[in-house]
There are 2 protein chains.
Amino acid sequence: MTEPSPARRGYHHGNLKDALLDAARDLVATQGPAGFTLAEASRRAGVSASAPYRHFKDRDALLAALAERGFALFAQDLEQAFDGGKPDAATAFGRVGDAYLAFARREPGLYGAMFAICRPDGAKVPEAGRSFQVLVDAARQAAGGIAVSDDRILAIWALAHGAATLAAAGHLTDAQAHAVLRGALAPQPPRDA
Amino acid sequence: MTEPSPARRGYHHGNLKDALLDAARDLVATQGPAGFTLAEASRRAGVSASAPYRHFKDRDALLAALAERGFALFAQDLEQAFDGGKPDAATAFGRVGDAYLAFARREPGLYGAMFAICRPDGAKVPEAGRSFQVLVDAARQAAGGIAVSDDRILAIWALAHGAATLAAAGHLTDAQAHAVLRGALAPQPPRDA
DNA sequence: ACCTGAACACCGTTCAAGT
DNA sequence: ACCTGAACACCGTTCAAGT
């Protein structure tokens with residue numbers, strides 16, 4: 001997987017944009033977003049270091065495109081975990097929480113890239129909205145008829161994100177991250193500790 | 001603040017380690033952890049690019065030292081906000097939450113550097129424990145006599161961390177981050193949505 | 001013990017030139 | 001339209017040499 005892929009059809013690559021994104025995902029997975037290098041991605045795609053500039057404005061643009069791709073995969077994962085709310089919405093919501101943590105654990109570099117974008121000034125990541133929407137829908141269904149405030153759903157997102165990133169940084173074990181999230185996903189927290 | 005400081009006492013700098021950390025904090029504040037450069041920090045300290053290696057193993061070691069410093073400042077901030085629990089522990093706990101978000105907002109680069117360390121394999125950041133301990137103590141006092149589980153406190157940390165980082169990435173407004181945290185800091189969440 | 005200067009491998013980015 | 005090759009400024013790191 002490290003040698004420059006000879007999957008070139010002559011002078012033109014034919015599919016360079018995707019090849020670069022694939023390489024980027026690989027690099028980010030093994031080295032983290034900081035370890036990703038435009039030069040190495042080019043090498044893996046079998047093109048020169050300047051070739052990417054035909055497809056991306058610069059390094060950050062490629063990373064942003066990767067983040068968008070990551071969010072699409074993420075939304076897909078969460079949707080699949082919810083599985084239409086079967087067998088009941090509360091159980092399904094629990095699965096969404098597990099899937100959230102599992103994604104961040106399986107693809108820490110990609111997850112990091114996804115949330116490293118969106119600087120104060122910056123480029124929005126519209127796909128992020130879709131992932132969040134899955135959370136919203138799952139939470140509302142899990143609540144049955146009871147109204148769920150936006151702030152409550154944002155709190156769930158913040159909790160999941162916080163648990164995932166603290167776990168990634170080694171401040172929480174996976175078990176703790178899951179326990180933390182389960183505590184919040186219970187529809188009505190029982191009043192014992 | 002950009003010109004190489006002439007605060008050199010001859011050939012030896014005398015205080016290079018701190019000067020580098022100061023420069024790093026500045027750079028990280030304006031450009032983010034990724035924008036930090038050993039070369040630029042050296043330039044600001046008025047030394048050659050190889051001088052830092054007398055004080056830090058490499059770039060990452062300097063960043064780790066900066067993170068440790070960040071955690072020390074952070075713990076201090078939180079402790080001061082708690083202020084011994086005056087006038088009552090619940091109010092003081094609320095202030096700790098605000099201070100948490102305020103720190104991450106005021107020093108996003110530093111906060112980022114603090115939690116970017118601690119890789120799977122990696123170097124622990126012992127100062128992180130002290131910051132967490134402030135949260136633990138504040139939460140326990142705020143609960144009065146009632147026992148507070150470790151998971152509940154970890155959940156508060158995860159929520160604060162998640163809200164802070166989502167806000168930094170532009171996914172939450174500051175007002176939303178505060179609302180989210182206030183909801184969780186209430187000692188016994190009332191059962192209305 | 002602390003710092004400089006030259007050196008090396010490397011990266012991001014640009015641009016004229018090739019297909 | 002897409003890619004190469006040479007070029008430039010830059011960075012991290014090492015090491016012999018200076019103070």
# chains A, B, ... in the order shown; residues from 1 in each chain; ligands from 1
$ residues_around --residues "DT19 of chain D" --least-positions-apart "4" --cutoff "9 Å" --atoms "only C-alpha atoms (C1' of nucleotides)" --output "PyMOL selection string"
(chain B and resi 11-12) or (chain C and resi 2-3)
$ interface_residues --of "chain B" --to "chain D" --cutoff "10 Å" --atoms "only C-alpha atoms (C1' of nucleotides)" --output "list in words"
Gly10, Tyr11, His12, Thr37, Leu38, Ala39, Glu40, Ala49, Ser50, Tyr53, Asp58 and Arg59 of chain B
$ write_last_selection --atoms "C-alpha atoms" --output "PDB file, in the first residue's frame"
ATOM      1  CA  GLY B  10      25.520  38.348  24.770  1.00  0.00           C
ATOM      2  CA  TYR B  11      26.115  34.964  23.267  1.00  0.00           C
ATOM      3  CA  HIS B  12      23.959  33.126  25.769  1.00  0.00           C
ATOM      4  CA  THR B  37       6.794  26.700  13.776  1.00  0.00           C
ATOM      5  CA  LEU B  38      10.003  26.013  15.620  1.00  0.00           C
ATOM      6  CA  ALA B  39      11.847  28.291  13.219  1.00  0.00           C
ATOM      7  CA  GLU B  40       9.522  31.231  13.849  1.00  0.00           C
ATOM      8  CA  ALA B  49      16.969  27.595  14.409  1.00  0.00           C
ATOM      9  CA  SER B  50      19.061  24.946  16.095  1.00  0.00           C
ATOM     10  CA  TYR B  53      17.365  21.609  20.572  1.00  0.00           C
ATOM     11  CA  ASP B  58      12.015  18.257  19.126  1.00  0.00           C
ATOM     12  CA  ARG B  59       9.041  20.296  17.988  1.00  0.00           C
TER      13      ARG B  59
END
$ interface_residues --of "chain A" --to "chain B" --cutoff "9 Å" --atoms "only C-alpha atoms" --output "number ranges by chain"
A: 34, 115-120, 122, 124, 128, 146-149, 151-166, 168-172, 176-177, 179-181, 183-184, 188-189, 191, 193
$ residues_around --residues "segment 86-88 of chain A" --least-positions-apart "6" --cutoff "12 Å" --atoms "only C-alpha atoms (C1' of nucleotides)" --output "list in words"
Glu79, Gln80, Gly94, Arg95, Val96, Ala138, Gln141, Ala142, Ala143 and Gly144 of chain A
$ select_by_dssp --residues "chain A" --states "alpha helix (DSSP H)" --output "PyMOL selection string"
chain A and resi 16-35+38-45+59-82+89-106+108-116+126-142+150-168+174-185
$ atom_distance --atom1 "atom CA of Ala99 of chain A" --atom2 "atom CA of Gln76 of chain A"
10.4 Å
$ atom_distance --atom1 "atom CA of Thr91 of chain A" --atom2 "atom CA of Gly109 of chain A"
28.7 Å
